[in-house]
file run.txt (compact mmCIF, C-alpha atoms)
# COMPACT_ATOMS: atom_id res chain seq x y z
CA MET A 1 24.88 95.89 -12.40
CA LYS A 2 23.97 99.59 -12.76
CA THR A 3 23.02 101.48 -9.63
CA PRO A 4 20.16 104.00 -9.91
CA MET A 5 21.15 107.60 -9.13
CA ILE A 6 20.02 109.22 -5.89
CA ASP A 7 18.65 112.76 -5.77
CA ALA A 8 21.15 114.63 -3.59
CA GLY A 9 19.75 118.13 -4.06
CA PRO A 10 18.19 120.37 -1.40
CA GLY A 11 15.30 118.67 0.34
CA ALA A 12 16.56 115.14 -0.47
CA GLY A 13 17.14 114.43 3.22
CA ARG A 14 13.59 115.49 4.10
CA ARG A 15 12.14 113.34 1.30
CA GLU A 16 14.21 110.32 2.41
CA ALA A 17 13.13 110.80 6.05
CA ALA A 18 9.49 111.00 4.99
CA LEU A 19 9.90 107.88 2.85
CA LYS A 20 11.42 105.96 5.75
CA THR A 21 8.63 107.07 8.11
CA ASN A 22 5.98 106.03 5.58
CA LEU A 23 7.55 102.59 5.08
CA TYR A 24 7.84 102.07 8.84
CA TYR A 25 4.14 102.96 9.17
CA ARG A 26 3.12 100.52 6.40
CA ALA A 27 5.27 97.70 7.76
CA GLY A 28 3.95 98.24 11.30
CA ARG A 29 0.37 98.31 10.05
CA LEU A 30 0.86 95.07 8.10
CA LEU A 31 2.40 93.39 11.14
CA ALA A 32 -0.43 94.55 13.42
CA ILE A 33 -3.05 93.11 11.04
CA LEU A 34 -1.22 89.78 10.91
CA LEU A 35 -0.96 89.64 14.70
CA LEU A 36 -4.67 90.41 15.16
CA LEU A 37 -5.69 87.75 12.64
CA SER A 38 -3.37 85.17 14.17
CA GLY A 39 -4.37 86.02 17.71
CA SER A 40 -8.09 85.64 16.97
CA ALA A 41 -7.89 82.53 14.80
CA TYR A 42 -4.96 80.58 16.17
CA ALA A 43 -4.41 81.69 19.73
CA ALA A 44 -3.60 78.92 22.20
CA PRO A 45 -5.95 78.20 25.09
CA ALA A 46 -5.57 80.41 28.15
CA GLU A 47 -3.99 77.58 30.12
CA ALA A 48 -1.33 77.19 27.46
CA ASP A 49 -0.56 80.91 27.45
CA ALA A 50 -0.18 81.00 31.21
CA VAL A 51 2.80 78.69 31.48
CA PRO A 52 4.70 78.53 28.19
CA THR A 53 7.91 76.54 28.13
CA SER A 54 10.15 74.71 25.72
CA GLN A 55 9.78 71.44 27.60
CA PRO A 56 7.25 68.87 26.35
CA ALA A 57 5.89 68.08 29.83
CA ASP A 58 4.65 71.63 30.32
CA GLN A 59 3.33 72.22 26.82
CA PRO A 60 -0.39 72.44 26.10
CA GLU A 61 -1.99 69.24 25.00
CA VAL A 62 -2.64 68.86 21.30
CA PRO A 63 -6.20 67.75 20.52
CA GLY A 64 -6.48 64.34 18.92
CA GLU A 65 -4.07 61.45 18.90
CA ILE A 66 -1.42 60.83 16.25
CA SER A 67 -0.48 57.28 15.41
CA ALA A 68 2.91 56.13 16.70
CA ASP A 69 3.60 54.94 13.17
CA HIS A 70 2.38 57.71 10.89
CA ASP A 71 -0.76 59.45 9.79
CA GLN A 72 -1.62 58.36 6.24
CA THR A 73 -4.16 61.11 5.61
CA TRP A 74 -3.29 63.94 3.24
CA LYS A 75 -3.07 67.36 4.84
CA PHE A 76 -2.20 70.98 4.08
CA VAL A 77 0.20 73.05 6.18
CA THR A 78 0.82 76.76 5.72
CA MET A 79 3.43 79.20 7.00
CA LEU A 80 3.58 82.95 6.63
CA ALA A 81 6.72 84.98 7.21
CA SER A 82 7.24 88.68 6.60
CA SER A 83 9.93 91.18 7.49
CA ALA A 84 10.83 94.84 7.04
CA THR A 85 14.55 95.65 6.96
CA TYR A 86 16.74 98.73 6.79
CA ASP A 87 20.10 97.89 5.17
CA ASP A 88 22.81 100.57 5.07
CA ASN A 89 24.83 98.87 2.29
CA ILE A 90 22.54 96.81 0.06
CA PHE A 91 25.19 96.39 -2.67
CA ILE A 92 28.04 95.48 -0.20
CA GLN A 93 30.33 98.14 -1.65
CA PRO A 94 33.52 99.40 0.07
CA THR A 95 32.71 103.06 -0.71
CA ASN A 96 29.66 105.08 -1.76
CA GLN A 97 27.34 102.70 0.09
CA LYS A 98 23.66 102.71 -0.82
CA ALA A 99 21.04 102.30 1.91
CA ASP A 100 17.43 101.24 1.48
CA PHE A 101 14.38 99.75 3.17
CA TYR A 102 12.87 96.58 1.81
CA VAL A 103 9.99 94.29 2.67
CA ASP A 104 10.24 90.51 2.37
CA ILE A 105 7.06 88.37 2.21
CA ASP A 106 7.28 84.56 2.21
CA PRO A 107 4.06 82.52 2.29
CA THR A 108 4.53 78.74 2.25
CA LEU A 109 2.02 76.07 1.22
CA ALA A 110 2.81 72.41 1.79
CA VAL A 111 0.79 69.28 1.03
CA GLY A 112 1.67 65.78 2.05
CA ALA A 113 0.99 62.73 4.17
CA GLY A 114 2.44 61.76 7.51
CA ASN A 115 4.01 63.83 10.26
CA PHE A 116 5.88 66.53 8.35
CA ARG A 117 5.00 69.72 10.26
CA ASP A 118 8.15 69.51 12.40
CA ALA A 119 10.34 69.15 9.32
CA LEU A 120 8.63 72.04 7.56
CA ALA A 121 8.77 74.35 10.59
CA SER A 122 12.56 74.02 10.73
CA PHE A 123 12.80 76.09 7.51
CA ALA A 124 11.09 79.13 9.03
CA ASP A 125 13.17 82.32 9.01
CA ILE A 126 12.58 82.67 12.74
CA PRO A 127 11.78 79.69 14.98
CA HIS A 128 8.46 78.95 16.67
CA PHE A 129 9.57 78.09 20.20
CA LEU A 130 6.19 77.19 21.66
CA VAL A 131 4.68 75.34 18.74
CA ARG A 132 3.70 71.76 19.53
CA THR A 133 2.50 69.57 16.68
CA GLY A 134 2.03 66.30 18.58
CA GLU A 135 4.80 64.69 16.49
CA GLU A 136 7.87 65.52 18.61
CA ASP A 137 7.88 62.38 20.77
CA LEU A 138 6.80 59.78 18.24
CA PRO A 139 9.12 56.77 17.96
CA TRP A 140 9.03 57.12 14.15
CA LYS A 141 8.54 60.24 12.07
CA ASN A 142 7.40 59.18 8.62
CA PHE A 143 6.22 61.62 5.99
CA ALA A 144 6.24 62.75 2.40
CA TYR A 145 5.44 66.33 1.38
CA PHE A 146 5.73 68.96 -1.32
CA SER A 147 6.15 72.65 -0.47
CA TYR A 148 6.30 75.89 -2.41
CA THR A 149 7.40 79.29 -1.12
CA PRO A 150 7.30 82.41 -3.29
CA ASP A 151 9.68 84.98 -1.80
CA GLY A 152 8.83 88.56 -2.73
CA ILE A 153 11.37 91.33 -2.04
CA ILE A 154 10.23 94.94 -2.54
CA PHE A 155 12.69 97.83 -2.16
CA SER A 156 11.70 101.35 -1.23
CA LYS A 157 14.06 103.15 -3.64
CA TYR A 158 15.94 100.64 -5.78
CA HIS A 159 13.00 99.03 -7.53
CA ASN A 160 15.26 97.54 -10.21
CA ASP A 161 16.26 95.06 -7.51
CA ASP A 162 12.70 94.04 -6.62
CA HIS A 163 12.52 90.30 -7.10
CA LEU A 164 10.25 87.29 -6.82
CA ASN A 165 12.23 84.24 -5.76
CA HIS A 166 10.98 80.65 -5.64
CA ASP A 167 11.61 77.78 -3.24
CA VAL A 168 10.30 74.31 -4.13
CA ARG A 169 10.98 71.24 -1.98
CA LEU A 170 10.03 67.57 -2.22
CA ALA A 171 10.98 65.53 0.84
CA ALA A 172 10.21 62.11 2.33
CA GLN A 173 11.32 60.06 5.32
CA GLN A 174 10.65 56.54 6.57
CA GLU A 175 11.82 55.32 9.99
CA ARG A 176 11.77 52.02 11.81
CA ASP A 177 13.60 50.66 14.83
CA LEU A 178 16.48 49.27 12.74
CA TRP A 179 16.61 51.56 9.71
CA THR A 180 15.94 55.06 8.37
CA VAL A 181 15.63 56.25 4.77
CA LYS A 182 15.13 59.88 3.78
CA GLY A 183 15.50 62.07 0.73
CA ASP A 184 15.17 65.71 -0.29
CA LEU A 185 14.94 67.48 -3.66
CA HIS A 186 15.26 71.26 -3.51
CA PHE A 187 15.00 74.03 -6.13
CA GLN A 188 15.66 77.62 -5.09
CA THR A 189 16.19 80.99 -6.74
CA GLU A 190 17.77 83.87 -4.82
CA SER A 191 18.65 87.49 -5.50
CA GLU A 192 21.08 88.70 -2.86
CA PRO A 193 24.61 90.05 -2.27
CA VAL A 194 27.31 87.41 -2.78
CA ILE A 195 30.71 88.12 -1.22
CA ASP A 196 32.56 86.09 -3.86
CA VAL A 197 31.34 88.37 -6.68
CA GLY A 198 31.09 91.53 -4.57
CA ARG A 199 27.59 92.58 -5.65
CA ARG A 200 23.95 91.51 -5.75
CA ILE A 201 23.44 88.64 -8.17
CA ASP A 202 20.68 86.25 -9.20
CA GLU A 203 21.39 82.62 -8.30
CA THR A 204 19.59 79.34 -9.01
CA ASP A 205 20.38 76.23 -6.95
CA TYR A 206 19.36 72.60 -7.47
CA THR A 207 20.18 70.14 -4.68
CA ALA A 208 19.42 66.47 -4.09
CA ASP A 209 20.19 64.55 -0.91
CA PHE A 210 19.50 60.88 -0.10
CA ASN A 211 20.40 59.16 3.20
CA ALA A 212 20.01 55.59 4.44
CA ALA A 213 21.09 54.00 7.74
CA TYR A 214 20.71 50.46 9.06
CA ALA A 215 21.54 48.86 12.43
CA LEU A 216 23.64 45.86 11.39
CA THR A 217 23.97 44.58 14.97
CA GLY A 218 23.13 45.90 18.41
CA LYS A 219 26.25 48.09 18.34
CA LEU A 220 27.18 48.44 14.68
CA THR A 221 25.37 50.82 12.29
CA GLY A 222 26.08 51.40 8.62
CA GLY A 223 24.89 54.18 6.38
CA SER A 224 25.32 55.99 3.10
CA GLU A 225 24.58 59.37 1.55
CA LEU A 226 24.22 60.59 -2.03
CA TYR A 227 24.47 64.35 -2.46
CA GLY A 228 24.46 66.62 -5.50
CA GLU A 229 24.29 70.39 -6.03
CA HIS A 230 24.24 72.56 -9.14
CA SER A 231 24.52 76.37 -8.93
CA ASP A 232 23.80 78.84 -11.75
CA TYR A 233 24.59 82.56 -11.57
CA ASN A 234 23.21 85.27 -13.82
CA GLY A 235 26.49 86.95 -14.76
CA GLY A 236 28.64 84.43 -12.88
CA LEU A 237 30.16 80.98 -13.33
CA SER A 238 28.11 77.83 -12.72
CA SER A 239 29.33 74.65 -11.01
CA THR A 240 28.15 71.14 -10.12
CA ASP A 241 29.32 69.07 -7.15
CA GLY A 242 28.35 65.43 -6.54
CA ARG A 243 29.43 63.16 -3.70
CA VAL A 244 28.76 59.66 -2.31
CA THR A 245 29.60 58.78 1.30
CA GLY A 246 29.56 55.53 3.28
CA TYR A 247 30.17 55.05 7.00
CA LEU A 248 30.26 52.54 9.86
CA ASP A 249 29.59 53.51 13.50
CA TYR A 250 30.34 51.36 16.55
CA GLN A 251 28.64 52.00 19.90
CA ILE A 252 31.61 51.93 22.30
CA ALA A 253 29.47 53.16 25.22
CA PRO A 254 25.74 53.69 25.80
CA LYS A 255 26.03 57.36 24.87
CA THR A 256 29.05 57.32 22.52
CA ALA A 257 29.61 55.99 19.00
CA LEU A 258 32.87 56.05 17.04
CA GLY A 259 33.06 55.48 13.32
CA VAL A 260 34.89 55.76 10.05
CA ALA A 261 33.67 57.18 6.76
CA ALA A 262 34.85 57.37 3.17
CA ALA A 263 33.62 59.72 0.46
CA GLY A 264 34.24 60.23 -3.22
CA GLY A 265 33.12 63.22 -5.25
CA TYR A 266 33.50 65.23 -8.43
CA LEU A 267 33.45 69.03 -8.83
CA ASN A 268 32.60 70.22 -12.35
CA VAL A 269 33.28 73.90 -13.07
CA ALA A 270 32.16 76.07 -15.98
CA GLN A 271 35.65 77.45 -16.63
CA GLY A 272 38.72 75.77 -15.20
CA ALA A 273 39.82 72.29 -14.24
CA ASN A 274 37.29 69.69 -13.10
CA GLN A 275 38.22 67.89 -9.88
CA PRO A 276 37.65 64.35 -8.60
CA TYR A 277 38.34 64.04 -4.86
CA GLU A 278 38.31 61.47 -2.06
CA GLN A 279 37.94 61.80 1.72
CA ALA A 280 38.98 59.49 4.56
CA LEU A 281 37.24 60.47 7.81
CA VAL A 282 36.77 59.52 11.44
CA GLN A 283 33.67 60.55 13.36
CA ILE A 284 32.23 60.61 16.86
CA LYS A 285 28.63 60.95 18.04
CA TYR A 286 28.25 61.79 21.72
CA ARG A 287 24.93 62.27 23.52
CA PRO A 288 25.37 61.83 27.28
CA THR A 289 22.01 63.42 28.18
CA GLU A 290 18.90 64.74 26.47
CA LYS A 291 20.33 68.23 26.97
CA LEU A 292 23.75 67.73 25.38
CA SER A 293 24.73 66.42 21.96
CA PHE A 294 27.98 66.58 20.00
CA ASN A 295 28.86 65.32 16.52
CA ALA A 296 32.26 65.62 14.87
CA GLN A 297 33.77 64.37 11.63
CA ALA A 298 37.32 65.08 10.47
CA GLY A 299 39.92 63.69 8.13
CA ASP A 300 41.94 64.21 4.97
CA GLU A 301 40.74 65.15 1.51
CA TYR A 302 42.83 64.27 -1.54
CA ARG A 303 41.88 66.37 -4.60
CA GLN A 304 43.07 65.85 -8.17
CA PHE A 305 42.91 68.51 -10.90
CA GLN A 306 42.37 67.75 -14.56
CA SER A 307 45.10 70.20 -15.46
CA ARG A 308 48.82 70.58 -14.78
CA VAL A 309 48.15 71.78 -11.21
CA PRO A 310 49.62 69.32 -8.65
CA ASN A 311 47.20 67.29 -6.54
CA ARG A 312 46.43 68.73 -3.12
CA SER A 313 45.72 67.38 0.35
CA LEU A 314 43.41 69.27 2.72
CA PHE A 315 42.30 68.73 6.32
CA VAL A 316 38.47 68.84 6.37
CA PHE A 317 36.05 68.79 9.30
CA ASP A 318 32.41 69.21 10.27
CA VAL A 319 31.61 69.78 13.96
CA SER A 320 28.28 70.62 15.59
CA GLY A 321 26.95 70.65 19.13
CA THR A 322 24.01 71.80 21.23
CA TYR A 323 23.71 72.26 24.98
CA ASP A 324 20.45 73.05 26.78
CA ALA A 325 22.09 74.35 29.93
CA THR A 326 18.72 74.96 31.61
CA ASP A 327 15.07 74.97 30.59
CA SER A 328 15.61 78.57 29.47
CA THR A 329 19.14 78.55 28.02
CA GLU A 330 20.46 76.93 24.84
CA LEU A 331 23.95 77.08 23.31
CA THR A 332 24.93 75.87 19.82
CA LEU A 333 28.14 75.70 17.83
CA ARG A 334 29.09 74.72 14.30
CA ALA A 335 32.35 74.59 12.33
CA ASN A 336 33.15 73.11 8.95
CA ARG A 337 35.61 73.31 6.04
CA ASP A 338 34.83 72.61 2.38
CA THR A 339 35.98 73.46 -1.15
CA ILE A 340 33.62 75.23 -3.54
CA ALA A 341 34.01 76.73 -7.02
CA SER A 342 34.27 80.49 -7.42
CA ALA A 343 31.40 82.15 -9.27
CA GLU A 344 33.55 85.19 -10.07
CA TYR A 345 36.94 83.86 -11.25
CA ALA A 346 37.68 81.24 -13.90
CA GLY A 347 40.16 78.61 -12.73
CA GLU A 348 39.72 79.37 -9.00
CA ASP A 349 38.36 77.39 -6.05
CA ILE A 350 37.49 78.69 -2.59
CA VAL A 351 38.60 76.74 0.50
CA GLU A 352 36.05 77.98 3.03
CA SER A 353 36.35 77.48 6.81
CA VAL A 354 33.31 78.58 8.84
CA TYR A 355 33.09 78.93 12.63
CA GLN A 356 29.89 80.07 14.35
CA ALA A 357 28.14 79.93 17.72
CA SER A 358 24.95 81.18 19.33
CA VAL A 359 23.27 81.42 22.72
CA ARG A 360 19.55 81.85 23.39
CA GLN A 361 18.02 82.84 26.72
CA ARG A 362 14.32 82.74 27.56
CA PHE A 363 12.90 85.13 30.16
CA LEU A 364 9.49 86.43 31.19
CA GLN A 365 8.04 83.18 29.80
CA ARG A 366 7.56 84.30 26.19
CA LEU A 367 10.63 86.42 25.38
CA TYR A 368 13.83 85.04 23.86
CA LEU A 369 17.10 86.94 23.60
CA SER A 370 19.56 85.46 21.11
CA VAL A 371 23.14 86.37 20.28
CA ALA A 372 24.95 84.70 17.36
CA GLY A 373 28.25 85.33 15.65
CA GLY A 374 30.84 83.76 13.44
CA LEU A 375 33.77 83.95 11.07
CA ALA A 376 34.19 82.62 7.53
CA HIS A 377 37.74 82.41 6.19
CA ASP A 378 37.92 82.10 2.38
CA GLN A 379 41.21 81.20 0.71
CA TYR A 380 41.28 81.31 -3.11
CA GLU A 381 43.33 78.55 -4.76
CA ASN A 382 43.93 78.07 -8.47
CA ASN A 383 42.84 74.91 -10.30
CA GLU A 384 44.65 75.95 -13.50
CA PRO A 385 48.40 76.60 -13.89
CA ILE A 386 47.83 80.34 -14.41
CA ILE A 387 46.71 82.03 -11.19
CA THR A 388 43.72 84.28 -11.83
CA VAL A 389 43.70 86.12 -8.50
CA ALA A 390 45.52 86.11 -5.17
CA ARG A 391 42.66 86.76 -2.75
CA ARG A 392 41.84 86.00 0.87
CA ASP A 393 38.68 87.05 2.74
CA ASP A 394 37.78 87.07 6.42
CA TYR A 395 34.06 87.64 6.83
CA TYR A 396 32.75 88.42 10.34
CA PHE A 397 29.17 88.70 11.49
CA TYR A 398 27.17 88.97 14.68
CA LYS A 399 23.44 89.22 15.26
CA THR A 400 21.32 90.10 18.27
CA SER A 401 17.60 89.38 18.25
CA LEU A 402 14.66 89.60 20.61
CA SER A 403 11.78 87.22 19.85
CA CYS A 404 8.33 86.96 21.38
CA ASP A 405 5.80 84.15 20.99
CA VAL A 406 2.58 86.07 20.46
CA THR A 407 0.53 82.88 20.04
CA GLN A 408 1.31 79.18 20.26
CA HIS A 409 2.05 79.21 16.51
CA GLY A 410 3.29 82.75 15.90
CA THR A 411 6.50 84.61 16.69
CA VAL A 412 7.66 88.19 16.13
CA GLN A 413 11.28 89.28 16.20
CA LEU A 414 13.36 92.44 16.37
CA SER A 415 16.99 92.08 15.28
CA TYR A 416 20.22 93.88 14.52
CA GLU A 417 22.99 92.30 12.43
CA HIS A 418 26.48 93.54 11.61
CA ARG A 419 28.46 92.11 8.69
CA GLU A 420 32.02 92.93 7.72
CA ASN A 421 34.39 91.54 5.13
CA SER A 422 38.13 92.05 5.40
CA SER A 423 39.63 91.15 2.02
CA SER A 424 43.13 91.23 0.57
CA LEU A 425 41.51 93.01 -2.41
CA ALA A 426 40.18 96.46 -1.53
CA ALA A 427 37.24 96.15 -3.95
CA PHE A 428 35.69 93.41 -1.79
CA LYS A 429 35.97 95.05 1.62
CA PHE A 430 32.70 96.23 3.13
CA THR A 431 30.70 96.78 6.29
CA GLU A 432 26.93 96.36 6.51
CA ASN A 433 24.32 96.91 9.21
CA LEU A 434 20.77 95.54 9.09
CA TYR A 435 17.81 96.42 11.35
CA SER A 436 14.74 94.19 10.99
CA ILE A 437 11.30 93.48 12.33
CA ALA A 438 9.88 90.10 11.34
CA ALA A 439 6.91 87.85 12.00
CA SER A 440 6.41 84.16 11.31
CA PHE A 441 3.31 81.99 11.72
CA LEU A 442 2.78 78.25 11.32
CA PHE A 443 -0.85 77.21 10.75

call {"tool": "encode", "arguments": {"input": "run.txt", "output": "structure tokens"}}
result
Amino acid sequence: MKTPMIDAGPGAGRREAALKTNLYYRAGRLLAILLLLSGSAYAAPAEADAVPTSQPADQPEVPGEISADHDQTWKFVTMLASSATYDDNIFIQPTNQKADFYVDIDPTLAVGAGNFRDALASFADIPHFLVRTGEEDLPWKNFAYFSYTPDGIIFSKYHNDDHLNHDVRLAAQQERDLWTVKGDLHFQTESEPVIDVGRRIDETDYTADFNAAYALTGKLTGGSELYGEHSDYNGGLSSTDGRVTGYLDYQIAPKTALGVAAAGGYLNVAQGANQPYEQALVQIKYRPTEKLSFNAQAGDEYRQFQSRVPNRSLFVFDVSGTYDATDSTELTLRANRDTIASAEYAGEDIVESVYQASVRQRFLQRLYLSVAGGLAHDQYENNEPIITVARRDDYYFYKTSLSCDVTQHGTVQLSYEHRENSSSLAAFKFTENLYSIAASFLF
């Protein structure tokens, strides 16, 4: 991708400073208008604003009563998210970094039946901590909805990278006391920096996910999952991964379930060896209180290559946990390992291990301070006899954000994020700093 030239002559610094000031002014003005509109049209009652909290007992009452089964009426739900960001290395280059301001605008329109507002709100760029939909404590959460989000990115200087992305989702869920069935179809286009290819690139993703679980006895539960993903890159290599999983869980204690799972999948790559694989896993689900939950799955993956590369065995895992230490403090952690196809190199896979954690603290009723960080370790492994590249990446990131609930359904956020990639290949090393102001509203 060609990079537009920057005017570096006398007065360039003054012009850039003026441009930054002008963009800050426009972004601030847009945010102020959104806040005024939201505050006048969707502000919570005074009683709700006086004592905000994340606990259901202290939340404002939601007018009307929602059926404990599900609401069959069709409804529209909208979200609006917008952000202004300064990025000091928009092309994630090791040298001659290019900085720019850009504005991101993401309106979402969803239509469906049932109680789907909770599910839709979880996709917001920043969370709505105070929002109460009346669906949180229902015994069953049944819904079906369709959503569309156009994602417009406008740069201040590098207009060749302005882009309109699309996010389309079709999801449904049906719950009963003994069984749950849910599915999700997702289409998404993105234009963003990708560490694997070392530059900004256009990507199109298609994913499908179907889950079913059934309580066979009072203590034994069985379930299955069908998952598929296809990724296309403009100037990169496409891939398709499909997997089917089955599991059995046994409730060994009131708050603890142990289980076993087996999975079989197939990774199809544009250039290189296709790969069938199998996984044998053990899992634990532990929820001693409403404030603490822990899920872990680990085991061995056996991968075959349709080439002369020997079969490989890999330890895989997926661990997640949350702990609401107090009414105001929440801690989360996540770690997983998986194999994906490289979009940059023919005949190469990436064994990716990701470790991340976050803590969020509420204070002064409506303010939330969050700190998150993590590490992604990428090891490149050949799936053809001829090794294309010997590469290893260690990607670090941390983010600090301050959020404020300006209404019951609206949140603004200031954030700083640092990203750094330490690679065995000098061309893929970079550091990046992002400063953002964002707002998100659920109507």

call {"tool": "residues_around", "arguments": {"input": "run.txt", "residues": "Ile154 (chain A)", "least_positions_apart": "2", "cutoff": "9 Å", "atoms": "all atoms listed in the file", "output": "VMD selection string"}}
result
chain A and resid 101 to 105 152 156 158 to 159 161 to 164

call {"tool": "residues_around", "arguments": {"input": "run.txt", "residues": "region 335-349 of chain A", "least_positions_apart": "6", "cutoff": "10 Å", "atoms": "only C-alpha atoms", "output": "PyMOL selection string"}}
result
chain A and resi 194-198+231-241+267-274+296-298+301+303+314-321+355-357+374-390

call {"tool": "closest_residue", "arguments": {"input": "run.txt", "among": "A:Gly410, A:Trp179, A:His230, A:Gln188", "to": "Ala215 (chain A)", "atoms": "all atoms listed in the file"}}
result
A:Trp179

call {"tool": "residues_around", "arguments": {"input": "run.txt", "residues": "Val244 (chain A)", "least_positions_apart": "6", "cutoff": "10 Å", "atoms": "only C-alpha atoms", "output": "mmCIF file with C-alpha atoms, in the frame of the given file"}}
result
data_model
loop_
_atom_site.group_PDB
_atom_site.id
_atom_site.type_symbol
_atom_site.label_atom_id
_atom_site.label_comp_id
_atom_site.auth_asym_id
_atom_site.auth_seq_id
_atom_site.Cartn_x
_atom_site.Cartn_y
_atom_site.Cartn_z
ATOM 1 C CA ASP A 209 20.190 64.550 -0.910
ATOM 2 C CA PHE A 210 19.500 60.880 -0.100
ATOM 3 C CA SER A 224 25.320 55.990 3.100
ATOM 4 C CA GLU A 225 24.580 59.370 1.550
ATOM 5 C CA LEU A 226 24.220 60.590 -2.030
ATOM 6 C CA TYR A 227 24.470 64.350 -2.460
ATOM 7 C CA GLY A 228 24.460 66.620 -5.500
ATOM 8 C CA ALA A 262 34.850 57.370 3.170
ATOM 9 C CA ALA A 263 33.620 59.720 0.460
ATOM 10 C CA GLY A 264 34.240 60.230 -3.220
ATOM 11 C CA GLY A 265 33.120 63.220 -5.250
ATOM 12 C CA TYR A 266 33.500 65.230 -8.430
ATOM 13 C CA GLU A 278 38.310 61.470 -2.060
#

call {"tool": "atom_distance", "arguments": {"input": "run.txt", "atom1": "CA of Phe116 (chain A)", "atom2": "CA of Glu175 (chain A)"}}
result
12.8 Å

call {"tool": "atom_distance", "arguments": {"input": "run.txt", "atom1": "CA of Arg169 (chain A)", "atom2": "CA of Tyr206 (chain A)"}}
result
10.1 Å

call {"tool": "closest_residue", "arguments": {"input": "run.txt", "among": "A:Thr322, A:Ser307, A:Cys404, A:Lys399", "to": "Asn433 (chain A)", "atoms": "all atoms listed in the file"}}
result
A:Lys399

call {"tool": "residues_near_point", "arguments": {"input": "run.txt", "point": "(34.0, 62.1, 15.2)", "cutoff": "10 Å", "atoms": "only C-alpha atoms", "output": "ChimeraX atom specification"}}
result
/A:249,257-261,281-286,294-299,317-319

call {"tool": "closest_residue", "arguments": {"input": "run.txt", "among": "A:Val309, A:Ile201, A:Met79, A:Ile126", "to": "Pro107 (chain A)", "atoms": "all atoms listed in the file"}}
result
A:Met79

call {"tool": "atom_distance", "arguments": {"input": "run.txt", "atom1": "CA of Asn115 (chain A)", "atom2": "CA of Lys141 (chain A)"}}
result
6.1 Å

call {"tool": "closest_residue", "arguments": {"input": "run.txt", "among": "A:Tyr250, A:Tyr214, A:Phe146, A:Trp74", "to": "Asp184 (chain A)", "atoms": "only C-alpha atoms"}}
result
A:Phe146

call {"tool": "closest_residue", "arguments": {"input": "run.txt", "among": "A:Gly112, A:Pro288, A:Pro127, A:Gly222", "to": "Leu402 (chain A)", "atoms": "all atoms listed in the file"}}
result
A:Pro127

call {"tool": "closest_residue", "arguments": {"input": "run.txt", "among": "A:Gln174, A:Ser293, A:Gln304, A:Asn311", "to": "Thr332 (chain A)", "atoms": "all atoms listed in the file"}}
result
A:Ser293

call {"tool": "axis_aligned_box", "arguments": {"input": "run.txt", "around": "region 211-225 of chain A", "padding_each_side": "3 Å", "output": "AutoDock Vina command-line options"}}
result
--center_x 23.6 --center_y 52.0 --center_z 10.0 --size_x 13.2 --size_y 20.8 --size_z 22.9
